[in-house]
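Taking it in order: structure first as structure tokens, then the write-up.
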Amino acid sequence: MTSASSPLRLLLLSTPVAPLGTGLGGGVELTLYNLATELANRGHLVRIVAPEGSQLPDASEVPIVAIAGKLQTSAQNQHYTDPVVMPPASVLGYMWDYARQVQHDYDLLVNFAYDWLPLYLTPFFQRPIAHLISMGALTAAMDAAIQQVAAAFPGTLAAHSHAQAQTFACADQFRVLGNGLDLSRYGFCAEPDHRLGWVGRLAPEKGLEDAIAVSAQTGIPLSVWGAMPDPDYWQQLQQRYPTAPIDYRGFLATEQLQQELGRCRALLMTPKWVEAFGNVAVEALACGVPVIAYRRGGPAEIVVDGETGWLVEPDQVTGLIQAVRQIEQIDRAACRRRAEAYYSMPKMGDRTEQWFREMLRETPHGTIAQTSG
Ligand code: HBI
């Protein structure tokens, strides 16, 4: 039986699209690692299940159960009406078969995958499953599976932002958690260089071309950090803006990223889709870097217009340029303070632990419900 303050036994199941630590799992890698570390630091028993080859920064002592198998194709590459894809020897299938076998060693399973299978399997498990949905609505199959879990297991779905939850019909069934980062890994930089920054997976939905257009039109250098799943995409951008002073700095581990990002005058966030949250906005604020973002998705709920950056009409490059011209009005220390007030790991850990404890009191799976029933 788990009482309000006793430690929880938590099994965290990762995204099946890439091993942890490659950057190809996107923001969910950072979210999973940070939550696992925070929950372990609070005295909970935490285990991670992830595709083989996963590794966490060496500081972490959270054990990883590595599962072999075929990686899942990204939901972002699917069309809305595509059927669910389960490749032979699917790592997702093996991860959740492992979870089925060990579930009784845990109080709660936490799903980080944006996939149909874990949602569909929820009623087959005897332990409650908390689903941290990492993106907005992308496919009909996922929408239906999320709807079913919302109906059968109220309180077990969470999103990172209201905008992300709003992309689902059952928006009010989502707990909005925001996100959190280990802010001790980010150093505050008071005196920036002249550069602008852009951070993210180099993919069309992230809208890098708009940030490059700002650099091309203003002549202000732009540094780009992030995983590059498709080099052709990068080539196309360079050919389209041959004179823009941009340089690609690669996918850096947090330590080096924050050292370079912190020196930027501003971070540009140019999402073309409803970004569920926008961890990079918090990484920038933590370094004292103001954020200029389209008023779209998660970043629009992180940036306080005029206080920690500027919010711009979506897809308006001229709006981005106007905001760059006003960036000195933003107090860099206020950016760091905002990150500490809302997006530290203690704050995210509080919100997440509260979610878990409410689930354990209420769901038919809940151990408390069973023992005290
Ligand atoms: N696609 N099928 C699938 N499963 C995931 O867990 C997944 C994904 N695409 C992207 C992704 N996860 C993460 O990069 C984002 O959730 C951040």
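Residue numbers start at 1 in each chain; chains themselves are named A, B, ... in the order of the structure tokens; ligands are numbered from 1 in the order shown.
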
**Study point:** Distance query stretch 221-226 of chain A at most 6 Å, only C-alpha atoms, self and fewer than 6 positions along chain excluded, as a list in words
**Key:**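 Within the cut-off, the hits are Arg195, Leu196, Gly197, Trp198, Val199, Gly200, Arg201, Ser215, Pro245, Ile246, Asp247, Tyr248, Arg249, Gly250 and Phe251 of chain A.
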
Quick one: which chain A residues come within 6 Å of ligand 1, and what is the nearest atom pair for each with the distance in Å to one decimal, counting only C-alpha atoms and all ligand atoms, rows ordered by chain and ascending number, as JSON lines?
```
{"residue": "A:Thr15", "atom": "CA", "partner": "ligand 1", "partner_atom_place_in_ligand_line": "6 (O)", "distance": 3.8}
{"residue": "A:Pro16", "atom": "CA", "partner": "ligand 1", "partner_atom_place_in_ligand_line": "6 (O)", "distance": 5.6}
{"residue": "A:Val17", "atom": "CA", "partner": "ligand 1", "partner_atom_place_in_ligand_line": "4 (N)", "distance": 5.5}
{"residue": "A:Gly25", "atom": "CA", "partner": "ligand 1", "partner_atom_place_in_ligand_line": "14 (O)", "distance": 4.2}
{"residue": "A:Gly26", "atom": "CA", "partner": "ligand 1", "partner_atom_place_in_ligand_line": "14 (O)", "distance": 3.5}
{"residue": "A:Gly27", "atom": "CA", "partner": "ligand 1", "partner_atom_place_in_ligand_line": "17 (C)", "distance": 4.3}
{"residue": "A:Val28", "atom": "CA", "partner": "ligand 1", "partner_atom_place_in_ligand_line": "17 (C)", "distance": 4.5}
{"residue": "A:Gln72", "atom": "CA", "partner": "ligand 1", "partner_atom_place_in_ligand_line": "2 (N)", "distance": 5.5}
{"residue": "A:Thr73", "atom": "CA", "partner": "ligand 1", "partner_atom_place_in_ligand_line": "2 (N)", "distance": 5.4}
{"residue": "A:Ser74", "atom": "CA", "partner": "ligand 1", "partner_atom_place_in_ligand_line": "1 (N)", "distance": 3.4}
{"residue": "A:Ala75", "atom": "CA", "partner": "ligand 1", "partner_atom_place_in_ligand_line": "1 (N)", "distance": 3.9}
{"residue": "A:Gln76", "atom": "CA", "partner": "ligand 1", "partner_atom_place_in_ligand_line": "9 (N)", "distance": 5.5}
{"residue": "A:Ala113", "atom": "CA", "partner": "ligand 1", "partner_atom_place_in_ligand_line": "6 (O)", "distance": 3.5}
{"residue": "A:Tyr114", "atom": "CA", "partner": "ligand 1", "partner_atom_place_in_ligand_line": "6 (O)", "distance": 3.8}
{"residue": "A:Asp115", "atom": "CA", "partner": "ligand 1", "partner_atom_place_in_ligand_line": "4 (N)", "distance": 5.0}
{"residue": "A:Ser134", "atom": "CA", "partner": "ligand 1", "partner_atom_place_in_ligand_line": "16 (O)", "distance": 4.3}
{"residue": "A:Met135", "atom": "CA", "partner": "ligand 1", "partner_atom_place_in_ligand_line": "16 (O)", "distance": 5.3}
```

Take the residues that were just selected and, keeping N, CA and C atoms, output them as an mmCIF file, in the first residue's frame.
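Writing the result to part_2.cif gives the following:
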```cif
data_model
loop_
_atom_site.group_PDB
_atom_site.id
_atom_site.type_symbol
_atom_site.label_atom_id
_atom_site.label_comp_id
_atom_site.auth_asym_id
_atom_site.auth_seq_id
_atom_site.Cartn_x
_atom_site.Cartn_y
_atom_site.Cartn_z
ATOM 1 N N THR A 15 10.198 6.226 -25.372
ATOM 2 C CA THR A 15 9.768 6.237 -26.762
ATOM 3 C C THR A 15 10.493 5.118 -27.507
ATOM 4 N N PRO A 16 9.821 4.444 -28.429
ATOM 5 C CA PRO A 16 10.434 3.342 -29.192
ATOM 6 C C PRO A 16 11.066 3.800 -30.510
ATOM 7 N N VAL A 17 11.154 5.130 -30.732
ATOM 8 C CA VAL A 17 11.655 5.575 -32.039
ATOM 9 C C VAL A 17 13.172 5.653 -32.090
ATOM 10 N N GLY A 25 15.140 10.986 -30.388
ATOM 11 C CA GLY A 25 13.847 10.781 -29.723
ATOM 12 C C GLY A 25 13.218 12.122 -29.370
ATOM 13 N N GLY A 26 13.886 13.188 -29.740
ATOM 14 C CA GLY A 26 13.290 14.517 -29.530
ATOM 15 C C GLY A 26 13.212 14.885 -28.057
ATOM 16 N N GLY A 27 12.344 15.852 -27.752
ATOM 17 C CA GLY A 27 12.250 16.398 -26.400
ATOM 18 C C GLY A 27 11.915 15.355 -25.357
ATOM 19 N N VAL A 28 11.307 14.272 -25.790
ATOM 20 C CA VAL A 28 10.849 13.293 -24.795
ATOM 21 C C VAL A 28 12.048 12.623 -24.125
ATOM 22 N N GLN A 72 10.372 1.862 -33.850
ATOM 23 C CA GLN A 72 9.072 2.271 -34.392
ATOM 24 C C GLN A 72 9.260 3.447 -35.346
ATOM 25 N N THR A 73 8.487 3.491 -36.424
ATOM 26 C CA THR A 73 8.588 4.669 -37.290
ATOM 27 C C THR A 73 7.910 5.838 -36.562
ATOM 28 N N SER A 74 8.426 7.048 -36.847
ATOM 29 C CA SER A 74 7.909 8.204 -36.122
ATOM 30 C C SER A 74 6.479 8.534 -36.555
ATOM 31 N N ALA A 75 5.663 8.841 -35.566
ATOM 32 C CA ALA A 75 4.266 9.218 -35.851
ATOM 33 C C ALA A 75 4.242 10.479 -36.710
ATOM 34 N N GLN A 76 5.333 11.264 -36.620
ATOM 35 C CA GLN A 76 5.370 12.513 -37.392
ATOM 36 C C GLN A 76 5.454 12.244 -38.890
ATOM 37 N N ALA A 113 5.696 6.842 -24.629
ATOM 38 C CA ALA A 113 5.638 6.616 -26.079
ATOM 39 C C ALA A 113 4.393 7.269 -26.662
ATOM 40 N N TYR A 114 4.557 7.846 -27.826
ATOM 41 C CA TYR A 114 3.397 8.374 -28.562
ATOM 42 C C TYR A 114 2.985 7.284 -29.533
ATOM 43 N N ASP A 115 2.397 6.227 -28.994
ATOM 44 C CA ASP A 115 2.063 5.051 -29.803
ATOM 45 C C ASP A 115 0.757 4.430 -29.353
ATOM 46 N N SER A 134 3.288 13.126 -25.570
ATOM 47 C CA SER A 134 4.384 14.080 -25.827
ATOM 48 C C SER A 134 4.131 14.999 -27.026
ATOM 49 N N MET A 135 3.063 14.741 -27.791
ATOM 50 C CA MET A 135 2.788 15.599 -28.963
ATOM 51 C C MET A 135 1.283 15.834 -29.071
#
```

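Among A:Asp193, A:Glu209, A:Asp105, A:Asp232, the residue with the shortest atom-to-atom distance to A:Leu11, counting only C-alpha atoms, is A:Asp105.
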
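With only C-alpha atoms as the atoms that count, the residue of A:Gly23, A:Gly136, A:Gly309, A:Gly43 with the shortest distance to A:Trp273 is A:Gly136.
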
Practice item. May I ask which of the residues A:Gln164, A:Gln316, A:Ser5, A:Thr308 is the closest one to A:Gly278, counting only C-alpha atoms? Key: A:Gln164

Give me every strand (DSSP E) residue in stretch 285-328 of chain A, going by DSSP on the backbone, as a PDB file with all heavy atoms, in the first residue's frame.
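After the write, states-v6.pdb holds the following:
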```
ATOM      1  N   VAL A 291      13.449  34.700 -25.482  1.00  0.00           N
ATOM      2  CA  VAL A 291      12.909  33.827 -26.528  1.00  0.00           C
ATOM      3  C   VAL A 291      11.932  34.611 -27.392  1.00  0.00           C
ATOM      4  O   VAL A 291      10.999  35.233 -26.885  1.00  0.00           O
ATOM      5  CB  VAL A 291      12.201  32.605 -25.903  1.00  0.00           C
ATOM      6  CG1 VAL A 291      11.592  31.724 -26.996  1.00  0.00           C
ATOM      7  CG2 VAL A 291      13.199  31.795 -25.067  1.00  0.00           C
ATOM      8  N   ILE A 292      12.181  34.586 -28.684  1.00  0.00           N
ATOM      9  CA  ILE A 292      11.248  35.156 -29.665  1.00  0.00           C
ATOM     10  C   ILE A 292      10.550  33.974 -30.327  1.00  0.00           C
ATOM     11  O   ILE A 292      11.212  33.137 -30.952  1.00  0.00           O
ATOM     12  CB  ILE A 292      11.994  35.993 -30.718  1.00  0.00           C
ATOM     13  CG1 ILE A 292      12.651  37.218 -30.058  1.00  0.00           C
ATOM     14  CG2 ILE A 292      11.055  36.431 -31.850  1.00  0.00           C
ATOM     15  CD1 ILE A 292      13.615  37.975 -30.967  1.00  0.00           C
ATOM     16  N   ALA A 293       9.223  33.866 -30.125  1.00  0.00           N
ATOM     17  CA  ALA A 293       8.511  32.658 -30.583  1.00  0.00           C
ATOM     18  C   ALA A 293       7.221  33.031 -31.301  1.00  0.00           C
ATOM     19  O   ALA A 293       6.580  34.031 -30.958  1.00  0.00           O
ATOM     20  CB  ALA A 293       8.188  31.763 -29.387  1.00  0.00           C
ATOM     21  N   TYR A 294       6.859  32.212 -32.275  1.00  0.00           N
ATOM     22  CA  TYR A 294       5.520  32.332 -32.857  1.00  0.00           C
ATOM     23  C   TYR A 294       4.483  32.075 -31.764  1.00  0.00           C
ATOM     24  O   TYR A 294       4.703  31.237 -30.880  1.00  0.00           O
ATOM     25  CB  TYR A 294       5.328  31.315 -33.981  1.00  0.00           C
ATOM     26  CG  TYR A 294       6.062  31.665 -35.259  1.00  0.00           C
ATOM     27  CD1 TYR A 294       6.526  30.668 -36.113  1.00  0.00           C
ATOM     28  CD2 TYR A 294       6.299  32.994 -35.617  1.00  0.00           C
ATOM     29  CE1 TYR A 294       7.191  30.980 -37.282  1.00  0.00           C
ATOM     30  CE2 TYR A 294       6.964  33.322 -36.778  1.00  0.00           C
ATOM     31  CZ  TYR A 294       7.408  32.312 -37.612  1.00  0.00           C
ATOM     32  OH  TYR A 294       8.068  32.633 -38.775  1.00  0.00           O
ATOM     33  N   GLY A 309      10.653  37.630 -23.373  1.00  0.00           N
ATOM     34  CA  GLY A 309      10.854  37.546 -24.821  1.00  0.00           C
ATOM     35  C   GLY A 309       9.687  38.197 -25.525  1.00  0.00           C
ATOM     36  O   GLY A 309       8.994  39.053 -24.953  1.00  0.00           O
ATOM     37  N   TRP A 310       9.487  37.812 -26.779  1.00  0.00           N
ATOM     38  CA  TRP A 310       8.388  38.387 -27.573  1.00  0.00           C
ATOM     39  C   TRP A 310       7.614  37.280 -28.274  1.00  0.00           C
ATOM     40  O   TRP A 310       8.215  36.308 -28.737  1.00  0.00           O
ATOM     41  CB  TRP A 310       8.944  39.358 -28.618  1.00  0.00           C
ATOM     42  CG  TRP A 310       9.687  40.519 -28.052  1.00  0.00           C
ATOM     43  CD1 TRP A 310      11.049  40.710 -28.034  1.00  0.00           C
ATOM     44  CD2 TRP A 310       9.129  41.655 -27.362  1.00  0.00           C
ATOM     45  NE1 TRP A 310      11.361  41.873 -27.392  1.00  0.00           N
ATOM     46  CE2 TRP A 310      10.211  42.485 -26.973  1.00  0.00           C
ATOM     47  CE3 TRP A 310       7.820  42.053 -27.033  1.00  0.00           C
ATOM     48  CZ2 TRP A 310      10.023  43.678 -26.275  1.00  0.00           C
ATOM     49  CZ3 TRP A 310       7.646  43.239 -26.344  1.00  0.00           C
ATOM     50  CH2 TRP A 310       8.727  44.053 -25.977  1.00  0.00           C
ATOM     51  N   LEU A 311       6.296  37.436 -28.306  1.00  0.00           N
ATOM     52  CA  LEU A 311       5.458  36.500 -29.071  1.00  0.00           C
ATOM     53  C   LEU A 311       5.089  37.181 -30.381  1.00  0.00           C
ATOM     54  O   LEU A 311       4.751  38.372 -30.410  1.00  0.00           O
ATOM     55  CB  LEU A 311       4.208  36.117 -28.267  1.00  0.00           C
ATOM     56  CG  LEU A 311       4.500  35.247 -27.037  1.00  0.00           C
ATOM     57  CD1 LEU A 311       3.237  34.998 -26.222  1.00  0.00           C
ATOM     58  CD2 LEU A 311       5.142  33.929 -27.457  1.00  0.00           C
ATOM     59  N   VAL A 312       5.172  36.427 -31.477  1.00  0.00           N
ATOM     60  CA  VAL A 312       5.042  36.973 -32.832  1.00  0.00           C
ATOM     61  C   VAL A 312       3.920  36.252 -33.566  1.00  0.00           C
ATOM     62  O   VAL A 312       3.712  35.052 -33.357  1.00  0.00           O
ATOM     63  CB  VAL A 312       6.399  36.781 -33.571  1.00  0.00           C
ATOM     64  CG1 VAL A 312       6.286  37.056 -35.048  1.00  0.00           C
ATOM     65  CG2 VAL A 312       7.476  37.637 -32.916  1.00  0.00           C
TER      66      VAL A 312
END
```

Review point. Where does DSSP see helix (DSSP H, G or I) in stretch 88-185 of chain A, if you list the residues as a ChimeraX atom specification?
Key: /A:91-105,116-124,140-152,162-165,171-173,183-185

Non-local contacts of A:Ile321 (8 Å; only C-alpha atoms; under 4 positions in same chain excluded) as a short mmCIF file (atom, residue, chain, number, x, y, z; two decimals) with N, CA, C and O atoms, in the first residue's frame:
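File produced: around-v3.cif:
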```cif
data_model
loop_
_atom_site.label_atom_id
_atom_site.label_comp_id
_atom_site.auth_asym_id
_atom_site.auth_seq_id
_atom_site.Cartn_x
_atom_site.Cartn_y
_atom_site.Cartn_z
N VAL A 214 15.38 35.34 -41.26
CA VAL A 214 15.71 36.49 -40.39
C VAL A 214 17.19 36.82 -40.52
O VAL A 214 17.59 37.97 -40.70
N THR A 218 18.62 40.28 -42.01
CA THR A 218 19.22 41.25 -41.07
C THR A 218 20.75 41.20 -41.09
O THR A 218 21.41 42.08 -40.54
N VAL A 317 7.78 36.47 -40.78
CA VAL A 317 9.23 36.73 -40.61
C VAL A 317 9.45 38.19 -40.23
O VAL A 317 10.31 38.51 -39.39
N ARG A 325 14.75 43.41 -33.17
CA ARG A 325 15.16 44.82 -33.00
C ARG A 325 14.86 45.31 -31.58
O ARG A 325 15.45 46.27 -31.11
#
```
